[in-house]
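J.: My structure file upload_13.pdb, PDB, C-alpha atoms, is below:
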MODEL        1
ATOM      1  CA  TYR A 734    -118.603-299.444 195.749
ATOM      2  CA  ASP A 735    -119.836-296.534 197.593
ATOM      3  CA  ILE A 736    -121.743-294.060 195.362
ATOM      4  CA  GLU A 737    -121.267-290.441 196.438
ATOM      5  CA  PRO A 738    -124.353-288.288 196.014
ATOM      6  CA  MET A 739    -124.147-285.438 193.383
ATOM      7  CA  PRO A 740    -124.409-281.930 194.837
ATOM      8  CA  LYS A 741    -127.684-280.204 194.007
ATOM      9  CA  GLU A 742    -127.534-277.116 191.828
ATOM     10  CA  GLN A 743    -128.930-274.044 193.549
ATOM     11  CA  ARG A 744    -131.608-272.299 191.491
ATOM     12  CA  HIS A 745    -132.872-268.729 191.819
ATOM     13  CA  PRO A 746    -136.523-267.855 191.739
ATOM     14  CA  LEU A 747    -137.902-266.030 188.653
ATOM     15  CA  SER A 748    -139.088-263.115 190.679
ATOM     16  CA  GLY A 749    -138.637-261.925 194.139
ATOM     17  CA  ALA A 750    -138.293-259.000 196.416
ATOM     18  CA  GLY A 751    -134.742-258.261 195.381
ATOM     19  CA  ALA A 752    -133.301-254.961 194.163
ATOM     20  CA  HIS A 753    -134.334-255.696 190.553
ATOM     21  CA  ALA A 754    -137.929-256.412 191.377
ATOM     22  CA  ALA A 755    -140.432-254.158 189.461
ATOM     23  CA  PRO A 756    -142.848-252.163 191.622
ATOM     24  CA  PRO A 757    -146.395-253.332 191.595
ATOM     25  CA  ALA A 758    -148.812-251.486 189.260
ATOM     26  CA  TRP A 759    -150.965-250.327 192.156
ATOM     27  CA  GLN A 760    -148.146-248.615 193.949
ATOM     28  CA  ASP A 761    -149.187-245.115 195.105
ATOM     29  CA  ILE A 762    -147.797-242.242 192.970
ATOM     30  CA  PRO A 763    -146.761-239.219 195.057
ATOM     31  CA  GLU A 764    -149.079-236.220 194.500
ATOM     32  CA  VAL A 765    -147.664-233.030 192.973
ATOM     33  CA  ALA A 766    -147.369-230.394 195.588
ATOM     34  CA  GLU A 767    -149.763-227.416 195.047
ATOM     35  CA  ALA A 768    -148.244-224.020 194.120
ATOM     36  CA  ALA A 769    -147.530-222.057 197.188
ATOM     37  CA  ALA A 770    -149.686-218.950 197.652
ATOM     38  CA  PRO A 771    -147.790-215.641 197.205
ATOM     39  CA  PRO A 772    -146.636-214.200 200.424
ATOM     40  CA  LYS A 773    -148.679-211.380 201.898
ATOM     41  CA  LYS A 774    -145.650-209.114 201.782
ATOM     42  CA  GLN A 775    -145.669-209.209 197.950
ATOM     43  CA  ARG A 776    -149.348-208.228 197.804
ATOM     44  CA  ASN A 777    -148.779-205.366 200.208
ATOM     45  CA  ALA A 778    -145.811-204.125 198.153
ATOM     46  CA  ALA A 779    -147.923-204.158 194.951
ATOM     47  CA  GLY A 780    -150.665-202.135 196.654
ATOM     48  CA  ILE A 781    -148.169-199.561 197.911
ATOM     49  CA  PHE A 782    -146.632-199.233 194.434
ATOM     50  CA  PHE A 783    -150.094-198.768 192.865
ATOM     51  CA  GLY A 784    -150.982-196.096 195.419
ATOM     52  CA  ILE A 785    -147.721-194.237 194.765
ATOM     53  CA  ALA A 786    -148.390-194.350 191.000
ATOM     54  CA  ILE A 787    -151.878-192.851 191.444
ATOM     55  CA  GLY A 788    -150.525-190.132 193.716
ATOM     56  CA  PHE A 789    -147.807-189.248 191.221
ATOM     57  CA  PHE A 790    -150.393-189.036 188.408
ATOM     58  CA  VAL A 791    -152.649-186.719 190.440
ATOM     59  CA  LEU A 792    -149.693-184.523 191.401
ATOM     60  CA  SER A 793    -148.506-184.313 187.777
ATOM     61  CA  ALA A 794    -151.998-183.369 186.591
ATOM     62  CA  GLY A 795    -152.201-180.627 189.219
ATOM     63  CA  VAL A 796    -148.825-179.182 188.256
ATOM     64  CA  ALA A 797    -149.741-179.275 184.551
ATOM     65  CA  ALA A 798    -153.033-177.485 185.220
ATOM     66  CA  TYR A 799    -151.276-174.814 187.282
ATOM     67  CA  LEU A 800    -148.682-174.201 184.581
ATOM     68  CA  PHE A 801    -151.414-174.102 181.920
ATOM     69  CA  TYR A 802    -153.500-171.456 183.677
ATOM     70  CA  PHE A 803    -150.765-169.451 185.375
ATOM     71  CA  GLY A 804    -147.597-170.453 183.531
ATOM     72  CA  GLY A 805    -145.198-168.898 185.962
ATOM     73  CA  ASN A 806    -143.856-165.606 184.618
ATOM     74  CA  SER A 807    -143.991-166.546 180.924
ATOM     75  CA  VAL A 808    -145.850-164.275 178.506
ATOM     76  CA  SER A 809    -147.734-165.826 175.608
ATOM     77  CA  PRO A 810    -150.191-164.509 172.965
ATOM     78  CA  ASN A 811    -152.286-167.607 173.698
ATOM     79  CA  LYS A 812    -153.119-166.060 177.067
ATOM     80  CA  ILE A 813    -154.684-163.021 175.397
ATOM     81  CA  THR A 814    -158.305-163.214 174.293
ATOM     82  CA  MET A 815    -159.539-160.951 171.492
ATOM     83  CA  GLU A 816    -163.229-161.170 170.625
ATOM     84  CA  ILE A 817    -165.035-159.206 167.895
ATOM     85  CA  GLN A 818    -168.793-158.800 168.041
ATOM     86  CA  GLY A 819    -170.873-157.277 165.268
ATOM     87  CA  PRO A 820    -172.995-158.133 162.217
ATOM     88  CA  THR A 821    -171.683-160.802 159.886
ATOM     89  CA  SER A 822    -173.431-159.299 156.837
ATOM     90  CA  ILE A 823    -174.378-155.777 155.809
ATOM     91  CA  ALA A 824    -175.519-153.855 152.785
ATOM     92  CA  GLY A 825    -172.805-151.880 151.073
ATOM     93  CA  GLY A 826    -172.708-148.276 152.214
ATOM     94  CA  GLU A 827    -174.007-149.065 155.703
ATOM     95  CA  ALA A 828    -172.101-148.284 158.874
ATOM     96  CA  ILE A 829    -170.945-151.420 160.661
ATOM     97  CA  PRO A 830    -170.631-151.269 164.467
ATOM     98  CA  LEU A 831    -167.877-153.451 165.920
ATOM     99  CA  SER A 832    -167.228-154.230 169.578
ATOM    100  CA  LEU A 833    -163.708-155.351 170.497
ATOM    101  CA  LYS A 834    -163.119-157.140 173.809
ATOM    102  CA  LEU A 835    -159.563-157.860 174.959
ATOM    103  CA  VAL A 836    -158.602-159.876 178.069
ATOM    104  CA  ASN A 837    -155.015-160.224 179.347
ATOM    105  CA  ARG A 838    -154.578-163.549 181.165
ATOM    106  CA  ASN A 839    -150.802-163.296 181.335
ATOM    107  CA  PRO A 840    -149.229-163.077 184.819
ATOM    108  CA  VAL A 841    -147.661-159.717 183.914
ATOM    109  CA  ALA A 842    -148.900-156.475 182.373
ATOM    110  CA  LEU A 843    -148.701-155.768 178.652
ATOM    111  CA  GLU A 844    -146.733-152.610 177.928
ATOM    112  CA  ASN A 845    -146.867-150.252 174.917
ATOM    113  CA  ALA A 846    -149.978-152.000 173.651
ATOM    114  CA  SER A 847    -151.619-150.778 170.438
ATOM    115  CA  ILE A 848    -154.529-151.948 168.259
ATOM    116  CA  GLU A 849    -154.715-151.760 164.466
ATOM    117  CA  ILE A 850    -157.658-152.662 162.218
ATOM    118  CA  ASP A 851    -157.149-152.538 158.446
ATOM    119  CA  PHE A 852    -160.242-151.570 156.433
ATOM    120  CA  PRO A 853    -160.651-151.703 152.633
ATOM    121  CA  PRO A 854    -159.312-148.659 150.744
ATOM    122  CA  ASN A 855    -162.856-147.380 150.051
ATOM    123  CA  ALA A 856    -163.991-147.529 153.708
ATOM    124  CA  ARG A 857    -165.329-144.318 155.218
ATOM    125  CA  ASN A 858    -165.576-142.779 158.645
ATOM    126  CA  ALA A 859    -169.072-143.400 160.045
ATOM    127  CA  SER A 860    -169.132-139.899 161.580
ATOM    128  CA  ASN A 861    -168.109-138.254 158.302
ATOM    129  CA  THR A 862    -168.532-140.279 155.115
ATOM    130  CA  GLN A 863    -166.395-137.755 153.243
ATOM    131  CA  GLU A 864    -163.394-138.893 155.289
ATOM    132  CA  ALA A 865    -161.554-142.036 154.258
ATOM    133  CA  LEU A 866    -160.866-144.628 156.950
ATOM    134  CA  PRO A 867    -158.318-147.116 155.603
ATOM    135  CA  ARG A 868    -157.068-147.991 159.110
ATOM    136  CA  TYR A 869    -158.097-147.684 162.743
ATOM    137  CA  THR A 870    -155.160-147.240 165.143
ATOM    138  CA  GLU A 871    -155.167-146.708 168.903
ATOM    139  CA  GLN A 872    -152.266-146.512 171.332
ATOM    140  CA  ILE A 873    -153.502-148.180 174.522
ATOM    141  CA  GLY A 874    -150.375-148.211 176.685
ATOM    142  CA  SER A 875    -150.410-150.644 179.607
ATOM    143  CA  ILE A 876    -152.894-153.494 180.108
ATOM    144  CA  ALA A 877    -152.657-154.974 183.605
ATOM    145  CA  SER A 878    -152.660-158.706 184.290
ATOM    146  CA  GLY A 879    -156.258-159.952 184.363
ATOM    147  CA  ALA A 880    -157.599-156.664 182.937
ATOM    148  CA  THR A 881    -160.405-156.474 180.354
ATOM    149  CA  LEU A 882    -160.449-153.791 177.667
ATOM    150  CA  THR A 883    -163.408-152.960 175.388
ATOM    151  CA  ARG A 884    -163.572-150.677 172.370
ATOM    152  CA  SER A 885    -166.396-149.676 169.989
ATOM    153  CA  ILE A 886    -165.508-148.956 166.363
ATOM    154  CA  LYS A 887    -167.710-147.889 163.434
ATOM    155  CA  ALA A 888    -166.932-147.751 159.735
ATOM    156  CA  VAL A 889    -168.832-147.548 156.450
ATOM    157  CA  LEU A 890    -167.929-150.364 154.065
ATOM    158  CA  PHE A 891    -168.564-150.699 150.347
ATOM    159  CA  GLY A 892    -168.397-153.661 148.026
ATOM    160  CA  GLY A 893    -170.165-155.737 145.436
ATOM    161  CA  LYS A 894    -173.043-158.026 146.262
ATOM    162  CA  GLY A 895    -171.733-161.329 147.606
ATOM    163  CA  ASP A 896    -168.273-159.969 148.399
ATOM    164  CA  VAL A 897    -166.685-161.093 151.689
ATOM    165  CA  ILE A 898    -164.513-158.482 153.389
ATOM    166  CA  THR A 899    -162.053-159.780 155.974
ATOM    167  CA  LEU A 900    -160.870-157.284 158.575
ATOM    168  CA  PRO A 901    -157.423-158.123 160.059
ATOM    169  CA  ILE A 902    -157.020-156.996 163.672
ATOM    170  CA  LEU A 903    -153.576-156.736 165.259
ATOM    171  CA  LEU A 904    -152.539-156.228 168.880
ATOM    172  CA  SER A 905    -148.878-155.268 169.397
ATOM    173  CA  TYR A 906    -147.296-155.182 172.849
ATOM    174  CA  SER A 907    -144.111-155.650 174.845
ATOM    175  CA  THR A 908    -143.242-156.469 178.455
ATOM    176  CA  ALA A 909    -141.286-154.728 181.174
ATOM    177  CA  ASN A 910    -137.492-154.953 180.909
ATOM    178  CA  SER A 911    -137.750-156.342 177.382
ATOM    179  CA  LYS A 912    -137.327-154.769 173.959
ATOM    180  CA  ALA A 913    -139.058-157.624 172.145
ATOM    181  CA  VAL A 914    -142.392-156.826 170.445
ATOM    182  CA  PHE A 915    -145.117-159.476 170.493
ATOM    183  CA  GLU A 916    -148.238-159.714 168.329
ATOM    184  CA  LYS A 917    -151.702-161.193 168.595
ATOM    185  CA  LYS A 918    -153.743-161.460 165.387
ATOM    186  CA  VAL A 919    -157.403-162.229 164.692
ATOM    187  CA  SER A 920    -159.678-161.612 161.697
ATOM    188  CA  TYR A 921    -163.359-160.801 161.245
ATOM    189  CA  PRO A 922    -165.237-161.634 157.988
ATOM    190  CA  ILE A 923    -168.199-159.560 156.764
ATOM    191  CA  GLU A 924    -170.378-160.340 153.743
ATOM    192  CA  ILE A 925    -171.861-157.632 151.529
ATOM    193  CA  THR A 926    -175.480-158.605 150.821
ATOM    194  CA  ALA A 927    -176.364-155.601 148.627
ATOM    195  CA  THR A 928    -174.570-152.768 146.863
ATOM    196  CA  PRO A 929    -175.231-149.116 147.764
ATOM    197  CA  LEU A 930    -175.877-148.340 144.099
ATOM    198  CA  GLU A 931    -177.366-150.547 141.431
ATOM    199  CA  LEU A 932    -176.661-149.806 137.785
ATOM    200  CA  GLN A 933    -178.824-151.122 134.973
ATOM    201  CA  VAL A 934    -178.131-150.464 131.283
ATOM    202  CA  ASP A 935    -180.555-151.254 128.434
ATOM    203  CA  SER A 936    -179.563-150.971 124.781
ATOM    204  CA  LEU A 937    -179.432-152.789 121.470
ATOM    205  CA  THR A 938    -177.077-155.743 121.178
ATOM    206  CA  GLU A 939    -176.467-155.114 117.438
ATOM    207  CA  THR A 940    -176.376-152.015 115.227
ATOM    208  CA  VAL A 941    -175.226-150.748 111.828
ATOM    209  CA  SER A 942    -171.993-148.815 111.536
ATOM    210  CA  GLY A 943    -172.589-145.053 111.549
ATOM    211  CA  LYS A 944    -176.100-145.311 113.012
ATOM    212  CA  THR A 945    -177.007-143.580 116.281
ATOM    213  CA  ILE A 946    -177.633-145.893 119.249
ATOM    214  CA  ALA A 947    -179.323-145.010 122.557
ATOM    215  CA  PHE A 948    -178.461-146.288 126.060
ATOM    216  CA  ASN A 949    -180.993-146.266 128.894
ATOM    217  CA  VAL A 950    -179.145-146.127 132.243
ATOM    218  CA  VAL A 951    -180.907-146.606 135.580
ATOM    219  CA  VAL A 952    -179.059-145.869 138.841
ATOM    220  CA  ARG A 953    -180.741-147.004 142.075
ATOM    221  CA  SER A 954    -179.542-146.337 145.604
ATOM    222  CA  ASN A 955    -179.816-149.014 148.324
ATOM    223  CA  ALA A 956    -178.043-146.962 150.985
ATOM    224  CA  PRO A 957    -180.039-145.811 154.026
ATOM    225  CA  THR A 958    -178.598-142.319 153.679
ATOM    226  CA  ALA A 959    -177.927-140.039 150.733
ATOM    227  CA  ILE A 960    -174.806-140.821 148.713
ATOM    228  CA  GLN A 961    -172.876-137.734 147.759
ATOM    229  CA  ASN A 962    -170.671-137.028 144.739
ATOM    230  CA  VAL A 963    -171.973-139.855 142.569
ATOM    231  CA  VAL A 964    -170.283-139.862 139.144
ATOM    232  CA  LEU A 965    -171.484-141.833 136.116
ATOM    233  CA  LYS A 966    -168.810-142.528 133.513
ATOM    234  CA  ALA A 967    -169.134-144.458 130.250
ATOM    235  CA  ASP A 968    -166.312-145.462 127.939
ATOM    236  CA  VAL A 969    -167.151-146.001 124.267
ATOM    237  CA  PRO A 970    -164.876-147.336 121.523
TER
ENDMDL
END
Turn the structure described in the file into structure tokens.
T.:
Amino acid sequence: YDIEPMPKEQRHPLSGAGAHAAPPAWQDIPEVAEAAAPPKKQRNAAGIFFGIAIGFFVLSAGVAAYLFYFGGNSVSPNKITMEIQGPTSIAGGEAIPLSLKLVNRNPVALENASIEIDFPPNARNASNTQEALPRYTEQIGSIASGATLTRSIKAVLFGGKGDVITLPILLSYSTANSKAVFEKKVSYPIEITATPLELQVDSLTETVSGKTIAFNVVVRSNAPTAIQNVVLKADVP
């Protein structure tokens, strides 16, 4: 008999260079591309924007300063300066000299301007102490833009030792082609350090009903000039 040879079975290798082959461990890994530098056009645009912002800020500051100092044609009491110079303390019965300085920084003139200073009810005219001076009033009229006005005022003030007298000062005014009346107010405090007259009374603190009691009264003047028409009055039960 003739024996036919058996066909050999074809076997595949365990590994190879086929499509399913794993890459070797030492295979080069592609490097990550570095971030691209920003274009020069973007940097130039940022610089231009920053320059425009600075210019706008400088322009705005200039306009604000102009409006603050000149303010167009608006009229404001804040643009009027009123300064009072004089002693801050006096002895009662002394004449107090006051210097009033007024500056109009408005772009227009002040019309129908007047000044009023209210004194205590017992204030006296420094030129004539027999004349009461409860208020000082002066009609000024027109005060031009940028003009400075000064006034000197004297008054004799009275009060108790340690009293603080506050003098209110009022400027009233209007503007051309307007019926509105505007006001500017300031105040000036003055302390009384001594009284023009000191009164001292000495007597018994206790007595018997129906018995005569004596009072020793001492009146002392601290005023630099003579005080006229002094009256001493005592009320008894």
J.: Write out as JSON, numbers by chain each polymer residue whose atoms come within 9 Å of Ser822 in chain A, counting only C-alpha atoms; drop sequence neighbours fewer than 2 positions from it.
T.: {"A": [820, 824, 897, 922, 923, 924, 925, 926]}
J.: Counting all atoms listed in the file, what are the residues of range 880-916 of chain A within 12 Å of range 946-963 of chain A, and for each of them which pair of atoms is the nearest and at what distance in Å, to one decimal? Sort the table by chain and rising number, as JSON lines.
T.:
{"residue": "A:Val889", "atom": "CA", "partner": "A:Ala956", "partner_atom": "CA", "distance": 10.7}
{"residue": "A:Leu890", "atom": "CA", "partner": "A:Ala956", "partner_atom": "CA", "distance": 11.1}
{"residue": "A:Phe891", "atom": "CA", "partner": "A:Ala956", "partner_atom": "CA", "distance": 10.2}
{"residue": "A:Lys894", "atom": "CA", "partner": "A:Asn955", "partner_atom": "CA", "distance": 11.5}
J.: Point out the residue among A:Gly825, A:Gly874, A:Gly788, A:Pro830 with the least atom-to-atom distance to Glu844 in chain A, counting only C-alpha atoms.
T.: A:Gly874
J.: Between CA of Glu939 in chain A and CA of Asp968 in chain A, what is the distance in Å, rounded to a tenth?
T.: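 That distance, rounded to one decimal, is 17.5 Å.
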J.: Could you tell me, as a PyMOL selection string, exactly which residues end up selected when the PyMOL selection byres ((chain A and resi 842) around 6) is applied to this structure?
T.: chain A and resi 841+843+876-878
J.: Would you mind telling me which residue in A:Glu871, A:Glu864, A:Glu827, A:Asp851 lies nearest to Ser905 in chain A when using all atoms listed in the file?
T.: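 The closest residue to Ser905 in chain A is A:Glu871.
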J.: Which of these, A:Val808, A:Ile785, A:Gln818, A:Asn839, has the shortest distance to Ser920 in chain A once you count all atoms listed in the file?
T.: A:Gln818
J.: Can you tell me, as a list in words, what residues are no more than 7 Å from Ile850 in chain A when counting only C-alpha atoms, ignoring any on the same chain fewer than 2 positions away?
T.: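 Selected residues are Ile848, Phe852, Arg868, Tyr869, Thr870, Leu900, Pro901, Ile902 and Leu903 of chain A.
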J.: So, with only C-alpha atoms as the atoms that count, which of A:Ala880, A:Ala846, A:Ile873, A:Leu866 lies closest to Ala909 in chain A?
T.: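 Of A:Ala880, A:Ala846, A:Ile873, A:Leu866, the one nearest Ala909 in chain A, counting only C-alpha atoms, is A:Ala846.
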J.: Please report, as AutoDock Vina command-line options, the centre and edge lengths in Å to one decimal of an axis-aligned box covering all listed atoms of range 892-909 of chain A with 5 Å per side.
T.:
--center_x -157.2 --center_y -157.5 --center_z 163.3 --size_x 41.8 --size_y 17.7 --size_z 45.7
J.: List every protein, DNA or RNA residue with an atom no more than 8 Å from (-150.8, -160.3, 169.1) in the file's coordinates, counting all atoms listed in the file, and format the result as a ChimeraX atom specification.
T.: /A:810,813,903-906,915-918
J.: As an exercise, work out the distance from CA of Asn837 in chain A to CA of Val914 in chain A in Å and give it to one decimal place.
T.: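 Calculated distance between CA of Asn837 in chain A and CA of Val914 in chain A is 15.8 Å.
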J.: Would you compute the distance between CA of Pro840 in chain A and CA of Gly819 in chain A? Give it in Å to one decimal.
T.: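 Between CA of Pro840 in chain A and CA of Gly819 in chain A the gap is 29.7 Å.
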J.: Can you work out which one of A:Gln933, A:Gln863, A:Thr883, A:Thr899 has the shortest atom-to-atom distance to Met815 in chain A, counting all atoms listed in the file?
T.: A:Thr883
J.: With the input short on atoms, add N, CA and C atoms back to range 827-841 of chain A and write it as a PDB file, in the frame of the given file.
T.:
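File produced: out-v3.pdb:
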ATOM      1  N   GLU A 827    -173.499-149.173 154.335  1.00  0.00           N
ATOM      2  CA  GLU A 827    -174.007-149.065 155.703  1.00  0.00           C
ATOM      3  C   GLU A 827    -172.844-148.992 156.691  1.00  0.00           C
ATOM      4  N   ALA A 828    -173.093-148.338 157.802  1.00  0.00           N
ATOM      5  CA  ALA A 828    -172.101-148.284 158.874  1.00  0.00           C
ATOM      6  C   ALA A 828    -172.163-149.582 159.674  1.00  0.00           C
ATOM      7  N   ILE A 829    -171.015-150.179 159.900  1.00  0.00           N
ATOM      8  CA  ILE A 829    -170.945-151.420 160.661  1.00  0.00           C
ATOM      9  C   ILE A 829    -170.395-151.131 162.043  1.00  0.00           C
ATOM     10  N   PRO A 830    -171.145-151.455 163.105  1.00  0.00           N
ATOM     11  CA  PRO A 830    -170.631-151.269 164.467  1.00  0.00           C
ATOM     12  C   PRO A 830    -169.892-152.516 164.929  1.00  0.00           C
ATOM     13  N   LEU A 831    -168.695-152.346 165.414  1.00  0.00           N
ATOM     14  CA  LEU A 831    -167.877-153.451 165.920  1.00  0.00           C
ATOM     15  C   LEU A 831    -167.554-153.214 167.383  1.00  0.00           C
ATOM     16  N   SER A 832    -167.604-154.288 168.171  1.00  0.00           N
ATOM     17  CA  SER A 832    -167.228-154.230 169.578  1.00  0.00           C
ATOM     18  C   SER A 832    -166.036-155.157 169.799  1.00  0.00           C
ATOM     19  N   LEU A 833    -164.934-154.596 170.256  1.00  0.00           N
ATOM     20  CA  LEU A 833    -163.708-155.351 170.497  1.00  0.00           C
ATOM     21  C   LEU A 833    -163.522-155.542 171.994  1.00  0.00           C
ATOM     22  N   LYS A 834    -163.363-156.810 172.402  1.00  0.00           N
ATOM     23  CA  LYS A 834    -163.119-157.140 173.809  1.00  0.00           C
ATOM     24  C   LYS A 834    -161.785-157.846 173.921  1.00  0.00           C
ATOM     25  N   LEU A 835    -160.916-157.326 174.785  1.00  0.00           N
ATOM     26  CA  LEU A 835    -159.563-157.860 174.959  1.00  0.00           C
ATOM     27  C   LEU A 835    -159.354-158.201 176.433  1.00  0.00           C
ATOM     28  N   VAL A 836    -158.867-159.419 176.694  1.00  0.00           N
ATOM     29  CA  VAL A 836    -158.602-159.876 178.069  1.00  0.00           C
ATOM     30  C   VAL A 836    -157.158-160.350 178.152  1.00  0.00           C
ATOM     31  N   ASN A 837    -156.409-159.822 179.127  1.00  0.00           N
ATOM     32  CA  ASN A 837    -155.015-160.224 179.347  1.00  0.00           C
ATOM     33  C   ASN A 837    -154.954-161.237 180.482  1.00  0.00           C
ATOM     34  N   ARG A 838    -154.690-162.484 180.158  1.00  0.00           N
ATOM     35  CA  ARG A 838    -154.578-163.549 181.165  1.00  0.00           C
ATOM     36  C   ARG A 838    -153.126-163.892 181.471  1.00  0.00           C
ATOM     37  N   ASN A 839    -152.211-163.095 181.003  1.00  0.00           N
ATOM     38  CA  ASN A 839    -150.802-163.296 181.335  1.00  0.00           C
ATOM     39  C   ASN A 839    -150.546-162.880 182.783  1.00  0.00           C
ATOM     40  N   PRO A 840    -149.517-163.439 183.425  1.00  0.00           N
ATOM     41  CA  PRO A 840    -149.229-163.077 184.819  1.00  0.00           C
ATOM     42  C   PRO A 840    -148.605-161.693 184.967  1.00  0.00           C
ATOM     43  N   VAL A 841    -148.270-161.045 183.862  1.00  0.00           N
ATOM     44  CA  VAL A 841    -147.661-159.717 183.914  1.00  0.00           C
ATOM     45  C   VAL A 841    -148.443-158.784 183.012  1.00  0.00           C
TER      46      VAL A 841
END
